[in-house]
Amino acid sequence: MKITELRDLTVPELEKLLEDKKEAFFNLRFQKVKGNLENTNMIKNTKKDMARIYTLLAEKKG
């Protein structure tokens, strides 16, 4: 996701999206360990999305 897309979301929406990303990250790591993950780039992208969301949450709450 782009940061501009995330800036339009409210705090509860960002928190919900963060929970979804955390769950997706867990599943991607699990798939990687099992050897079922074809696109390992998805792990990196999910981590970056989570970092963007954490940053925006800090900005909006602080």
# chains A, B, ... in the order shown; residues from 1 in each chain; ligands from 1
$ residues_around --residues "Lys21 of chain A" --least-positions-apart "4" --cutoff "10 Å" --atoms "only C-alpha atoms" --output "list in words"
Glu15, Lys16, Leu17, Phe25, Phe26, Asn27, Thr46, Lys47, Asp49, Met50 and Ile53 of chain A
$ closest_residue --among "A:Leu57, A:Gly35, A:Asn45, A:Ile3" --to "Leu18 of chain A" --atoms "only C-alpha atoms"
A:Leu57
$ residues_around --residues "Thr40 of chain A" --least-positions-apart "6" --cutoff "10 Å" --atoms "only C-alpha atoms" --output "VMD selection string"
chain A and resid 28 to 29 31 to 32
$ closest_residue --among "A:Lys22, A:Arg52, A:Lys61, A:Lys34" --to "Arg7 of chain A" --atoms "only C-alpha atoms"
A:Arg52
$ select_by_dssp --residues "chain A" --states "alpha helix (DSSP H)" --output "PyMOL selection string"
chain A and resi 3-7+11-34+41-61
$ atom_distance --atom1 "atom CA of Pro12 of chain A" --atom2 "atom CA of Glu59 of chain A"
13.8 Å
$ atom_distance --atom1 "atom CA of Leu9 of chain A" --atom2 "atom CA of Lys48 of chain A"
17.3 Å
$ closest_residue --among "A:Leu56, A:Leu37, A:Gly62, A:Met42" --to "Leu14 of chain A" --atoms "only C-alpha atoms"
A:Leu56
